[in-house]
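Here is the file start.cif (mmCIF, C-alpha atoms).
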data_data
#
loop_
_atom_site.group_PDB
_atom_site.id
_atom_site.type_symbol
_atom_site.label_atom_id
_atom_site.label_comp_id
_atom_site.auth_asym_id
_atom_site.auth_seq_id
_atom_site.Cartn_x
_atom_site.Cartn_y
_atom_site.Cartn_z
ATOM 1 C CA MET A 1 63.370 -60.991 -16.517
ATOM 2 C CA THR A 2 63.749 -57.458 -15.186
ATOM 3 C CA PRO A 3 67.039 -56.045 -16.475
ATOM 4 C CA ASP A 4 69.138 -53.548 -14.613
ATOM 5 C CA PHE A 5 70.843 -52.346 -17.799
ATOM 6 C CA LEU A 6 69.852 -51.562 -21.372
ATOM 7 C CA VAL A 7 73.060 -51.798 -23.374
ATOM 8 C CA THR A 8 73.590 -50.294 -26.803
ATOM 9 C CA HIS A 9 76.676 -49.020 -28.598
ATOM 10 C CA SER A 10 78.564 -45.843 -27.830
ATOM 11 C CA GLY A 11 79.530 -43.152 -30.321
ATOM 12 C CA GLY A 12 77.270 -41.824 -33.037
ATOM 13 C CA PHE A 13 73.631 -42.844 -32.829
ATOM 14 C CA HIS A 14 70.944 -43.749 -35.314
ATOM 15 C CA ALA A 15 67.175 -43.985 -35.330
ATOM 16 C CA ASP A 16 67.019 -47.732 -34.725
ATOM 17 C CA GLU A 17 68.702 -47.882 -31.313
ATOM 18 C CA LEU A 18 67.021 -44.632 -30.256
ATOM 19 C CA LEU A 19 63.583 -46.003 -31.071
ATOM 20 C CA SER A 20 64.460 -49.340 -29.494
ATOM 21 C CA SER A 21 65.356 -47.408 -26.353
ATOM 22 C CA VAL A 22 61.921 -45.782 -26.352
ATOM 23 C CA ILE A 23 60.296 -49.220 -26.168
ATOM 24 C CA LEU A 24 62.668 -50.687 -23.596
ATOM 25 C CA THR A 25 62.706 -47.730 -21.212
ATOM 26 C CA ARG A 26 58.916 -47.800 -20.903
ATOM 27 C CA LEU A 27 58.958 -51.511 -20.158
ATOM 28 C CA PHE A 28 61.972 -51.303 -17.828
ATOM 29 C CA PRO A 29 61.970 -47.779 -16.381
ATOM 30 C CA GLN A 30 64.310 -48.770 -13.572
ATOM 31 C CA ALA A 31 67.016 -49.945 -15.992
ATOM 32 C CA LYS A 32 69.989 -47.742 -16.813
ATOM 33 C CA ILE A 33 70.978 -47.139 -20.439
ATOM 34 C CA VAL A 34 74.632 -47.998 -20.968
ATOM 35 C CA ARG A 35 76.266 -46.917 -24.238
ATOM 36 C CA SER A 36 79.431 -48.996 -24.690
ATOM 37 C CA ARG A 37 81.311 -51.319 -27.011
ATOM 38 C CA THR A 38 83.508 -52.845 -24.333
ATOM 39 C CA PRO A 39 83.369 -56.641 -23.912
ATOM 40 C CA GLU A 40 82.320 -56.355 -20.285
ATOM 41 C CA TRP A 41 79.100 -54.646 -21.354
ATOM 42 C CA ILE A 42 78.241 -56.266 -24.690
ATOM 43 C CA THR A 43 78.629 -59.799 -23.330
ATOM 44 C CA PRO A 44 75.167 -61.232 -22.524
ATOM 45 C CA GLY A 45 74.170 -61.520 -18.883
ATOM 46 C CA ALA A 46 71.070 -62.019 -16.784
ATOM 47 C CA ASP A 47 71.025 -58.366 -15.791
ATOM 48 C CA ARG A 48 70.853 -56.794 -19.265
ATOM 49 C CA VAL A 49 69.225 -56.416 -22.664
ATOM 50 C CA ILE A 50 71.757 -55.747 -25.426
ATOM 51 C CA TYR A 51 70.663 -54.211 -28.737
ATOM 52 C CA ASP A 52 72.229 -52.890 -31.934
ATOM 53 C CA VAL A 53 75.608 -54.173 -30.778
ATOM 54 C CA GLY A 54 77.197 -57.482 -29.797
ATOM 55 C CA GLY A 55 77.199 -59.348 -33.102
ATOM 56 C CA ALA A 56 74.408 -61.805 -32.316
ATOM 57 C CA TYR A 57 70.662 -62.291 -32.271
ATOM 58 C CA ASP A 58 69.713 -64.588 -29.431
ATOM 59 C CA THR A 59 66.427 -64.027 -27.638
ATOM 60 C CA ALA A 60 67.318 -66.456 -24.849
ATOM 61 C CA GLN A 61 70.369 -64.339 -24.001
ATOM 62 C CA GLN A 62 68.503 -61.078 -24.631
ATOM 63 C CA ILE A 63 70.816 -59.820 -27.369
ATOM 64 C CA PHE A 64 69.338 -58.156 -30.453
ATOM 65 C CA ASP A 65 71.916 -57.168 -33.055
ATOM 66 C CA HIS A 66 71.530 -57.171 -36.830
ATOM 67 C CA HIS A 67 75.006 -56.324 -38.132
ATOM 68 C CA GLN A 68 76.448 -59.856 -38.185
ATOM 69 C CA ARG A 69 76.494 -62.394 -41.004
ATOM 70 C CA GLY A 70 73.287 -64.358 -41.074
ATOM 71 C CA ALA A 71 71.368 -61.489 -39.484
ATOM 72 C CA PRO A 72 67.632 -62.148 -39.106
ATOM 73 C CA LEU A 73 65.184 -61.322 -41.882
ATOM 74 C CA ARG A 74 61.451 -60.844 -41.890
ATOM 75 C CA ASP A 75 59.273 -63.555 -43.380
ATOM 76 C CA ASP A 76 59.233 -61.643 -46.676
ATOM 77 C CA GLY A 77 63.038 -61.396 -46.755
ATOM 78 C CA GLN A 78 63.308 -57.753 -45.720
ATOM 79 C CA PRO A 79 65.976 -56.944 -43.122
ATOM 80 C CA TYR A 80 65.467 -56.089 -39.492
ATOM 81 C CA SER A 81 67.269 -53.341 -37.666
ATOM 82 C CA SER A 82 67.505 -53.467 -33.900
ATOM 83 C CA PHE A 83 64.234 -51.526 -33.775
ATOM 84 C CA GLY A 84 62.400 -54.217 -35.717
ATOM 85 C CA LEU A 85 63.825 -56.940 -33.471
ATOM 86 C CA ILE A 86 62.958 -55.093 -30.276
ATOM 87 C CA TRP A 87 59.454 -54.324 -31.575
ATOM 88 C CA LYS A 88 58.943 -57.956 -32.588
ATOM 89 C CA HIS A 89 59.827 -59.271 -29.139
ATOM 90 C CA PHE A 90 58.792 -56.430 -26.818
ATOM 91 C CA GLY A 91 56.233 -54.430 -28.794
ATOM 92 C CA ARG A 92 53.131 -56.195 -27.506
ATOM 93 C CA ASP A 93 54.202 -55.811 -23.890
ATOM 94 C CA TYR A 94 54.995 -52.174 -24.612
ATOM 95 C CA LEU A 95 51.462 -51.604 -25.926
ATOM 96 C CA LEU A 96 49.948 -53.186 -22.832
ATOM 97 C CA ALA A 97 52.185 -51.010 -20.651
ATOM 98 C CA TYR A 98 51.082 -48.029 -22.728
ATOM 99 C CA GLY A 99 47.519 -48.802 -21.714
ATOM 100 C CA LEU A 100 45.964 -50.380 -24.797
ATOM 101 C CA PRO A 101 43.174 -52.906 -24.256
ATOM 102 C CA GLN A 102 44.182 -56.473 -25.056
ATOM 103 C CA ALA A 103 41.835 -56.596 -28.048
ATOM 104 C CA HIS A 104 43.681 -53.725 -29.729
ATOM 105 C CA VAL A 105 47.237 -54.944 -29.153
ATOM 106 C CA GLU A 106 47.586 -57.141 -32.247
ATOM 107 C CA PRO A 107 46.106 -54.686 -34.794
ATOM 108 C CA VAL A 108 48.084 -51.761 -33.380
ATOM 109 C CA HIS A 109 51.271 -53.851 -33.239
ATOM 110 C CA ALA A 110 50.900 -54.871 -36.894
ATOM 111 C CA THR A 111 49.962 -51.389 -38.133
ATOM 112 C CA PHE A 112 52.822 -49.699 -36.295
ATOM 113 C CA ASP A 113 55.250 -52.336 -37.531
ATOM 114 C CA ALA A 114 54.263 -51.905 -41.180
ATOM 115 C CA GLY A 115 54.037 -48.123 -41.230
ATOM 116 C CA PHE A 116 56.682 -46.994 -38.753
ATOM 117 C CA VAL A 117 59.091 -49.772 -37.779
ATOM 118 C CA LEU A 118 59.694 -51.317 -41.201
ATOM 119 C CA PRO A 119 60.736 -48.041 -42.886
ATOM 120 C CA VAL A 120 63.271 -47.444 -40.098
ATOM 121 C CA ASP A 121 64.582 -50.998 -40.548
ATOM 122 C CA LEU A 122 64.983 -50.520 -44.281
ATOM 123 C CA VAL A 123 66.712 -47.142 -44.021
ATOM 124 C CA ASP A 124 69.120 -48.404 -41.345
ATOM 125 C CA ASN A 125 70.107 -51.373 -43.528
ATOM 126 C CA GLY A 126 70.547 -49.292 -46.663
ATOM 127 C CA ALA A 127 67.597 -50.990 -48.351
ATOM 128 C CA LEU A 128 65.689 -47.705 -48.606
ATOM 129 C CA SER A 129 67.029 -44.195 -49.023
ATOM 130 C CA PRO A 130 65.354 -41.147 -47.491
ATOM 131 C CA ALA A 131 66.189 -39.490 -50.818
ATOM 132 C CA ILE A 132 63.074 -41.071 -52.335
ATOM 133 C CA ALA A 133 61.142 -38.437 -50.381
ATOM 134 C CA GLY A 134 62.664 -35.781 -52.628
ATOM 135 C CA PRO A 135 62.646 -32.296 -51.078
ATOM 136 C CA LEU A 136 61.121 -33.787 -47.925
ATOM 137 C CA SER A 137 64.041 -36.165 -47.345
ATOM 138 C CA PRO A 138 65.707 -33.903 -44.711
ATOM 139 C CA LEU A 139 62.434 -34.058 -42.773
ATOM 140 C CA THR A 140 62.143 -37.851 -42.566
ATOM 141 C CA LEU A 141 62.341 -39.142 -39.003
ATOM 142 C CA PRO A 142 65.667 -41.032 -39.262
ATOM 143 C CA VAL A 143 67.343 -37.936 -40.695
ATOM 144 C CA LEU A 144 65.773 -35.572 -38.183
ATOM 145 C CA LEU A 145 66.873 -37.691 -35.237
ATOM 146 C CA GLU A 146 70.432 -37.769 -36.522
ATOM 147 C CA THR A 147 70.501 -33.973 -36.747
ATOM 148 C CA LEU A 148 70.662 -34.083 -32.941
ATOM 149 C CA LYS A 149 74.109 -35.671 -33.077
ATOM 150 C CA PRO A 150 76.896 -33.368 -31.870
ATOM 151 C CA VAL A 151 78.830 -31.533 -34.553
ATOM 152 C CA PHE A 152 82.194 -32.955 -35.576
ATOM 153 C CA ASP A 153 84.301 -30.456 -33.622
ATOM 154 C CA ASP A 154 82.418 -30.687 -30.336
ATOM 155 C CA ALA A 155 85.269 -31.809 -28.069
ATOM 156 C CA ASP A 156 83.127 -32.608 -25.032
ATOM 157 C CA PRO A 157 83.605 -36.339 -24.276
ATOM 158 C CA GLN A 158 79.970 -36.477 -23.143
ATOM 159 C CA ALA A 159 78.636 -34.893 -26.337
ATOM 160 C CA ASP A 160 77.453 -38.160 -27.930
ATOM 161 C CA ASP A 161 75.660 -39.304 -24.783
ATOM 162 C CA ARG A 162 74.107 -35.885 -24.289
ATOM 163 C CA GLY A 163 72.884 -35.860 -27.884
ATOM 164 C CA PHE A 164 71.574 -39.418 -27.564
ATOM 165 C CA HIS A 165 69.407 -38.613 -24.552
ATOM 166 C CA ALA A 166 68.129 -35.408 -26.139
ATOM 167 C CA ALA A 167 67.204 -37.356 -29.271
ATOM 168 C CA LEU A 168 65.631 -40.103 -27.143
ATOM 169 C CA ALA A 169 63.157 -37.632 -25.678
ATOM 170 C CA VAL A 170 62.186 -36.501 -29.182
ATOM 171 C CA ALA A 171 61.941 -40.074 -30.470
ATOM 172 C CA ARG A 172 59.616 -40.966 -27.591
ATOM 173 C CA LEU A 173 57.184 -38.247 -28.649
ATOM 174 C CA PHE A 174 57.005 -39.603 -32.192
ATOM 175 C CA VAL A 175 56.518 -43.219 -31.128
ATOM 176 C CA GLU A 176 53.835 -42.404 -28.596
ATOM 177 C CA GLY A 177 52.147 -39.951 -30.923
ATOM 178 C CA ARG A 178 51.918 -42.461 -33.763
ATOM 179 C CA ILE A 179 50.650 -45.222 -31.508
ATOM 180 C CA ALA A 180 48.055 -42.868 -30.035
ATOM 181 C CA GLN A 181 46.819 -42.065 -33.546
ATOM 182 C CA ILE A 182 46.598 -45.722 -34.552
ATOM 183 C CA ALA A 183 44.762 -46.598 -31.343
ATOM 184 C CA ALA A 184 42.380 -43.667 -31.821
ATOM 185 C CA LYS A 185 41.439 -44.936 -35.274
ATOM 186 C CA LEU A 186 40.467 -48.258 -33.760
ATOM 187 C CA ARG A 187 38.318 -46.537 -31.126
ATOM 188 C CA ALA A 188 36.712 -44.371 -33.796
ATOM 189 C CA GLU A 189 35.892 -47.367 -35.994
ATOM 190 C CA ALA A 190 32.928 -48.576 -33.933
ATOM 191 C CA ILE A 191 31.537 -45.050 -33.550
ATOM 192 C CA VAL A 192 31.700 -44.351 -37.282
ATOM 193 C CA GLN A 193 30.236 -47.728 -38.180
ATOM 194 C CA GLN A 194 27.226 -47.066 -35.945
ATOM 195 C CA ALA A 195 26.799 -43.592 -37.437
ATOM 196 C CA ILE A 196 26.827 -45.105 -40.939
ATOM 197 C CA LYS A 197 24.034 -47.487 -39.929
ATOM 198 C CA ASP A 198 22.046 -44.615 -38.437
ATOM 199 C CA THR A 199 22.499 -42.555 -41.617
ATOM 200 C CA GLY A 200 21.090 -45.253 -43.881
ATOM 201 C CA GLU A 201 20.963 -44.018 -47.467
ATOM 202 C CA GLY A 202 21.568 -40.406 -46.502
ATOM 203 C CA ARG A 203 24.470 -38.582 -48.069
ATOM 204 C CA VAL A 204 25.659 -36.746 -44.964
ATOM 205 C CA LEU A 205 27.296 -38.605 -42.083
ATOM 206 C CA GLU A 206 26.881 -36.930 -38.694
ATOM 207 C CA LEU A 207 29.452 -37.823 -36.030
ATOM 208 C CA PRO A 208 29.469 -36.894 -32.331
ATOM 209 C CA ALA A 209 32.981 -35.419 -32.536
ATOM 210 C CA GLY A 210 35.860 -34.960 -34.928
ATOM 211 C CA MET A 211 37.560 -38.320 -35.451
ATOM 212 C CA PRO A 212 39.183 -40.469 -38.172
ATOM 213 C CA PHE A 213 36.305 -41.578 -40.391
ATOM 214 C CA ARG A 214 37.503 -42.553 -43.846
ATOM 215 C CA PRO A 215 38.787 -46.090 -43.038
ATOM 216 C CA ALA A 216 35.430 -47.088 -41.529
ATOM 217 C CA ILE A 217 33.522 -45.568 -44.457
ATOM 218 C CA VAL A 218 35.626 -47.511 -46.941
ATOM 219 C CA ARG A 219 35.333 -50.772 -45.000
ATOM 220 C CA ALA A 220 31.576 -50.344 -44.758
ATOM 221 C CA GLY A 221 31.325 -49.814 -48.523
ATOM 222 C CA ALA A 222 29.391 -46.608 -47.856
ATOM 223 C CA ASP A 223 30.092 -45.153 -51.282
ATOM 224 C CA HIS A 224 26.928 -43.050 -51.147
ATOM 225 C CA LEU A 225 28.292 -40.773 -48.414
ATOM 226 C CA LEU A 226 29.548 -37.401 -49.641
ATOM 227 C CA PHE A 227 30.100 -35.201 -46.581
ATOM 228 C CA VAL A 228 30.704 -35.460 -42.828
ATOM 229 C CA VAL A 229 29.371 -33.094 -40.170
ATOM 230 C CA HIS A 230 30.546 -32.967 -36.551
ATOM 231 C CA PRO A 231 30.734 -30.543 -33.622
ATOM 232 C CA ARG A 232 33.892 -28.747 -32.623
ATOM 233 C CA GLU A 233 34.673 -26.796 -29.468
ATOM 234 C CA ARG A 234 32.624 -23.736 -30.405
ATOM 235 C CA ASP A 235 31.059 -24.469 -33.781
ATOM 236 C CA TRP A 236 30.306 -27.234 -36.289
ATOM 237 C CA CYS A 237 32.476 -28.556 -39.087
ATOM 238 C CA LEU A 238 31.431 -29.713 -42.556
ATOM 239 C CA THR A 239 34.108 -31.690 -44.349
ATOM 240 C CA THR A 240 34.551 -33.613 -47.576
ATOM 241 C CA ILE A 241 35.583 -37.275 -47.925
ATOM 242 C CA ARG A 242 38.789 -38.072 -49.795
ATOM 243 C CA ARG A 243 38.602 -40.684 -52.528
ATOM 244 C CA ALA A 244 41.930 -42.290 -51.597
ATOM 245 C CA ASP A 245 44.468 -42.336 -48.777
ATOM 246 C CA GLU A 246 46.902 -40.459 -50.971
ATOM 247 C CA GLY A 247 46.111 -37.255 -52.817
ATOM 248 C CA PHE A 248 43.439 -34.633 -52.346
ATOM 249 C CA GLU A 249 40.648 -35.687 -54.701
ATOM 250 C CA VAL A 250 37.341 -35.843 -52.848
ATOM 251 C CA ARG A 251 34.017 -37.516 -53.527
ATOM 252 C CA ALA A 252 32.312 -34.139 -53.780
ATOM 253 C CA ASP A 253 33.602 -30.583 -53.460
ATOM 254 C CA LEU A 254 31.785 -27.905 -51.576
ATOM 255 C CA PRO A 255 30.086 -25.381 -53.909
ATOM 256 C CA ALA A 256 32.469 -23.155 -55.858
ATOM 257 C CA SER A 257 30.420 -20.071 -54.950
ATOM 258 C CA TRP A 258 31.308 -20.576 -51.275
ATOM 259 C CA ALA A 259 35.081 -20.688 -51.726
ATOM 260 C CA GLY A 260 36.982 -18.343 -49.439
ATOM 261 C CA LEU A 261 33.907 -16.672 -47.949
ATOM 262 C CA THR A 262 33.164 -16.040 -44.275
ATOM 263 C CA ASN A 263 30.280 -14.952 -42.074
ATOM 264 C CA GLY A 264 27.845 -12.527 -43.717
ATOM 265 C CA ASP A 265 29.303 -12.960 -47.193
ATOM 266 C CA LEU A 266 28.927 -16.741 -46.970
ATOM 267 C CA GLU A 267 25.438 -16.478 -45.481
ATOM 268 C CA ALA A 268 24.382 -14.258 -48.369
ATOM 269 C CA VAL A 269 25.650 -16.668 -51.001
ATOM 270 C CA CYS A 270 24.432 -19.948 -49.529
ATOM 271 C CA GLY A 271 21.312 -18.623 -47.806
ATOM 272 C CA VAL A 272 22.064 -20.365 -44.503
ATOM 273 C CA GLU A 273 22.009 -18.287 -41.329
ATOM 274 C CA GLY A 274 24.997 -19.240 -39.203
ATOM 275 C CA ALA A 275 27.278 -20.245 -42.076
ATOM 276 C CA SER A 276 30.669 -18.901 -40.986
ATOM 277 C CA PHE A 277 33.518 -20.149 -43.171
ATOM 278 C CA CYS A 278 34.421 -22.065 -46.310
ATOM 279 C CA HIS A 279 38.025 -22.843 -47.160
ATOM 280 C CA ASN A 280 39.174 -21.537 -50.508
ATOM 281 C CA GLY A 281 40.068 -25.136 -51.408
ATOM 282 C CA ARG A 282 36.405 -26.138 -50.824
ATOM 283 C CA PHE A 283 37.221 -29.180 -48.700
ATOM 284 C CA VAL A 284 36.051 -27.880 -45.324
ATOM 285 C CA ALA A 285 33.506 -25.377 -44.042
ATOM 286 C CA ALA A 286 32.145 -24.277 -40.676
ATOM 287 C CA ALA A 287 28.873 -23.127 -39.193
ATOM 288 C CA LYS A 288 27.776 -21.721 -35.862
ATOM 289 C CA THR A 289 25.124 -24.375 -35.212
ATOM 290 C CA ARG A 290 24.323 -27.996 -36.030
ATOM 291 C CA GLU A 291 21.275 -26.924 -38.003
ATOM 292 C CA ALA A 292 23.346 -24.553 -40.122
ATOM 293 C CA ALA A 293 26.024 -27.168 -40.764
ATOM 294 C CA LEU A 294 23.448 -29.751 -41.860
ATOM 295 C CA ALA A 295 21.690 -27.201 -44.066
ATOM 296 C CA MET A 296 25.000 -26.368 -45.766
ATOM 297 C CA ALA A 297 25.753 -30.067 -46.189
ATOM 298 C CA ASN A 298 22.384 -30.715 -47.830
ATOM 299 C CA LEU A 299 22.884 -27.773 -50.192
ATOM 300 C CA ALA A 300 26.317 -29.133 -51.135
ATOM 301 C CA VAL A 301 24.818 -32.577 -51.766
ATOM 302 C CA SER A 302 22.089 -31.134 -53.986
ATOM 303 C CA GLU A 303 24.561 -29.088 -56.029
ATOM 304 C CA HIS A 304 26.904 -32.059 -56.468
ATOM 305 C CA LEU A 305 24.105 -34.419 -57.555
ATOM 306 C CA ALA A 306 22.727 -31.830 -59.962
ATOM 307 C CA GLY A 307 26.170 -31.358 -61.486
ATOM 308 C CA THR A 308 26.652 -35.111 -61.795
ATOM 309 C CA ALA A 309 23.288 -35.415 -63.542
ATOM 310 C CA ARG A 310 24.142 -32.641 -65.998
ATOM 311 C CA THR A 311 27.457 -34.270 -66.827
ATOM 312 C CA ALA A 312 25.779 -37.614 -67.427
ATOM 313 C CA ALA A 313 23.211 -36.016 -69.736
ATOM 314 C CA GLU A 314 25.800 -34.287 -71.897
#

Written form, structure tokens:
Amino acid sequence: MTPDFLVTHSGGFHADELLSSVILTRLFPQAKIVRSRTPEWITPGADRVIYDVGGAYDTAQQIFDHHQRGAPLRDDGQPYSSFGLIWKHFGRDYLLAYGLPQAHVEPVHATFDAGFVLPVDLVDNGALSPAIAGPLSPLTLPVLLETLKPVFDDADPQADDRGFHAALAVARLFVEGRIAQIAAKLRAEAIVQQAIKDTGEGRVLELPAGMPFRPAIVRAGADHLLFVVHPRERDWCLTTIRRADEGFEVRADLPASWAGLTNGDLEAVCGVEGASFCHNGRFVAAAKTREAALAMANLAVSEHLAGTARTAAE
């Protein structure tokens, strides 16, 4: 089926139909978005996909609403919004159209569903409040997208449609950005795994470029690794490894004596020519050359192991 129309409701808009529109417009770029609640448009037909309106969920008729009694639920009982339904049925084709290799479609589909689609579903159905984010609640994606709605006294009859299409462009950036990040982690996985094998029992992991590395380190059970070194555009980076996905605790801090120092001051303290920067938080440092970065990393390893030994002896 190649629809001529993508039909969703008129009036105020929400994150779920906006994000659904991101998926559908990539798959069906020739189709026109129609925002309406009139029977002539929200009645199923061979020329359209209807979503977030119409009072039914029927894949054969290409209608994907979730507001009716008996609306579809996920296998775990959590509710779908139109975004979840569209992602369930069109997400894999979207990822192929986006350019992902077939082998990556299922893991990216599942990861994006759990971390991006499901929260939107829950918020749209009132099963989750953005307020749980505390002071960050105004910056959650569903809230941000709705800030692009026209203000209440905008009398332009096209204001809602204008706001919808402006918000659609923003929503597209977030969807594509998140999917790009998830896909990049999968590409990085094999590179990091090989680097871990090459490192053996060493404490410093050297990578050919900056890339997501923690998931592969955790999956490999490489608990002995303490620091990561990789080239950047004009220098080399030395970074710590976080203990958990959440929080800022790391396996080993960079030396306290380096904190906040740059260039000659840092070189004088650490004794490494080419040392150029250490963040005051001691989680990242930089050097002008690979040799300098590795020398700094080895010094940091030695200091951490010596401190661990002293603590154990006390």

Residue nearest Ala180 (chain A) - candidates A:Ala306, A:Leu100, A:Ala216, A:Val228, atoms counted: only C-alpha atoms = A:Leu100

Find the spatial neighbours of region 264-268 of chain A, counting only C-alpha atoms, within a cut-off of 12 Å - ignore same-chain residues fewer than 4 positions away - and output them as a list in words.
-> Pro255, Ala256, Ser257, Trp258, Ala259, Gly260, Val272, Glu273, Gly274, Ala275, Ser276, Phe277, Cys278, His279, Asn280, Ala285, Ala286, Ala287, Lys288, Ala292, Ala293, Ala295 and Met296 of chain A

Selection from above, C-alpha atoms, as a PDB file, in the coordinates of the input, can you write it?
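As written to disk, result_4.pdb reads:
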ATOM      1  CA  PRO A 255      30.086 -25.381 -53.909  1.00  0.00           C
ATOM      2  CA  ALA A 256      32.469 -23.155 -55.858  1.00  0.00           C
ATOM      3  CA  SER A 257      30.420 -20.071 -54.950  1.00  0.00           C
ATOM      4  CA  TRP A 258      31.308 -20.576 -51.275  1.00  0.00           C
ATOM      5  CA  ALA A 259      35.081 -20.688 -51.726  1.00  0.00           C
ATOM      6  CA  GLY A 260      36.982 -18.343 -49.439  1.00  0.00           C
ATOM      7  CA  VAL A 272      22.064 -20.365 -44.503  1.00  0.00           C
ATOM      8  CA  GLU A 273      22.009 -18.287 -41.329  1.00  0.00           C
ATOM      9  CA  GLY A 274      24.997 -19.240 -39.203  1.00  0.00           C
ATOM     10  CA  ALA A 275      27.278 -20.245 -42.076  1.00  0.00           C
ATOM     11  CA  SER A 276      30.669 -18.901 -40.986  1.00  0.00           C
ATOM     12  CA  PHE A 277      33.518 -20.149 -43.171  1.00  0.00           C
ATOM     13  CA  CYS A 278      34.421 -22.065 -46.310  1.00  0.00           C
ATOM     14  CA  HIS A 279      38.025 -22.843 -47.160  1.00  0.00           C
ATOM     15  CA  ASN A 280      39.174 -21.537 -50.508  1.00  0.00           C
ATOM     16  CA  ALA A 285      33.506 -25.377 -44.042  1.00  0.00           C
ATOM     17  CA  ALA A 286      32.145 -24.277 -40.676  1.00  0.00           C
ATOM     18  CA  ALA A 287      28.873 -23.127 -39.193  1.00  0.00           C
ATOM     19  CA  LYS A 288      27.776 -21.721 -35.862  1.00  0.00           C
ATOM     20  CA  ALA A 292      23.346 -24.553 -40.122  1.00  0.00           C
ATOM     21  CA  ALA A 293      26.024 -27.168 -40.764  1.00  0.00           C
ATOM     22  CA  ALA A 295      21.690 -27.201 -44.066  1.00  0.00           C
ATOM     23  CA  MET A 296      25.000 -26.368 -45.766  1.00  0.00           C
TER      24      MET A 296
END

Residues matched by the PyMOL selection byres ((chain A and resi 187) around 12) as a list of chain:residue names = A:Leu100, A:Pro101, A:Ala103, A:His104, A:Pro107, A:Val108, A:Ala180, A:Gln181, A:Ile182, A:Ala183, A:Ala184, A:Lys185, A:Leu186, A:Ala188, A:Glu189, A:Ala190, A:Ile191, A:Val192, A:Gln193, A:Met211, A:Pro212, A:Phe213, A:Pro215, A:Ala216

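Going from CA of Asp124 (chain A) to CA of Ala56 (chain A) covers 17.0 Å.
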
Give me the residues within 10 Å of region 80-86 of chain A as a PyMOL selection string, counting all atoms listed in the file and dropping any in the same chain fewer than 4 places off.
-> chain A and resi 8+15-24+49-53+57+59+62-67+71-74+90-91+113+116-125

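Counting only C-alpha atoms and comparing A:Leu6, A:Ala159, A:Leu207, A:Leu141, the residue that lies closest to Leu173 (chain A) is A:Leu141.
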
Got a minute to add all heavy atoms to region 4-8 of chain A and dump it as a compact mmCIF listing (two decimals), in the frame of the given file?
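Everything below was put into out28.txt:
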# COMPACT_ATOMS: atom_id res chain seq x y z
N ASP A 4 68.61 -54.74 -15.26
CA ASP A 4 69.14 -53.55 -14.61
C ASP A 4 69.77 -52.59 -15.62
O ASP A 4 69.92 -51.40 -15.33
CB ASP A 4 70.21 -53.94 -13.58
CG ASP A 4 69.64 -54.77 -12.45
OD1 ASP A 4 68.55 -54.44 -11.97
OD2 ASP A 4 70.29 -55.76 -12.07
N PHE A 5 70.13 -53.15 -16.80
CA PHE A 5 70.84 -52.35 -17.80
C PHE A 5 70.27 -52.58 -19.19
O PHE A 5 69.91 -53.71 -19.55
CB PHE A 5 72.34 -52.69 -17.80
CG PHE A 5 72.99 -52.53 -16.46
CD1 PHE A 5 73.28 -53.64 -15.68
CD2 PHE A 5 73.32 -51.27 -15.97
CE1 PHE A 5 73.88 -53.51 -14.44
CE2 PHE A 5 73.92 -51.13 -14.72
CZ PHE A 5 74.20 -52.24 -13.95
N LEU A 6 70.20 -51.52 -19.96
CA LEU A 6 69.85 -51.56 -21.37
C LEU A 6 71.10 -51.12 -22.12
O LEU A 6 71.49 -49.95 -22.05
CB LEU A 6 68.67 -50.64 -21.67
CG LEU A 6 67.41 -50.88 -20.82
CD1 LEU A 6 66.36 -49.81 -21.11
CD2 LEU A 6 66.85 -52.27 -21.09
N VAL A 7 71.73 -52.04 -22.82
CA VAL A 7 73.06 -51.80 -23.37
C VAL A 7 72.98 -51.65 -24.89
O VAL A 7 72.51 -52.54 -25.60
CB VAL A 7 74.02 -52.95 -23.03
CG1 VAL A 7 75.41 -52.66 -23.58
CG2 VAL A 7 74.07 -53.18 -21.52
N THR A 8 73.44 -50.51 -25.37
CA THR A 8 73.59 -50.29 -26.80
C THR A 8 74.96 -49.68 -27.05
O THR A 8 75.71 -49.42 -26.11
CB THR A 8 72.45 -49.42 -27.35
OG1 THR A 8 72.49 -49.43 -28.79
CG2 THR A 8 72.52 -47.98 -26.85
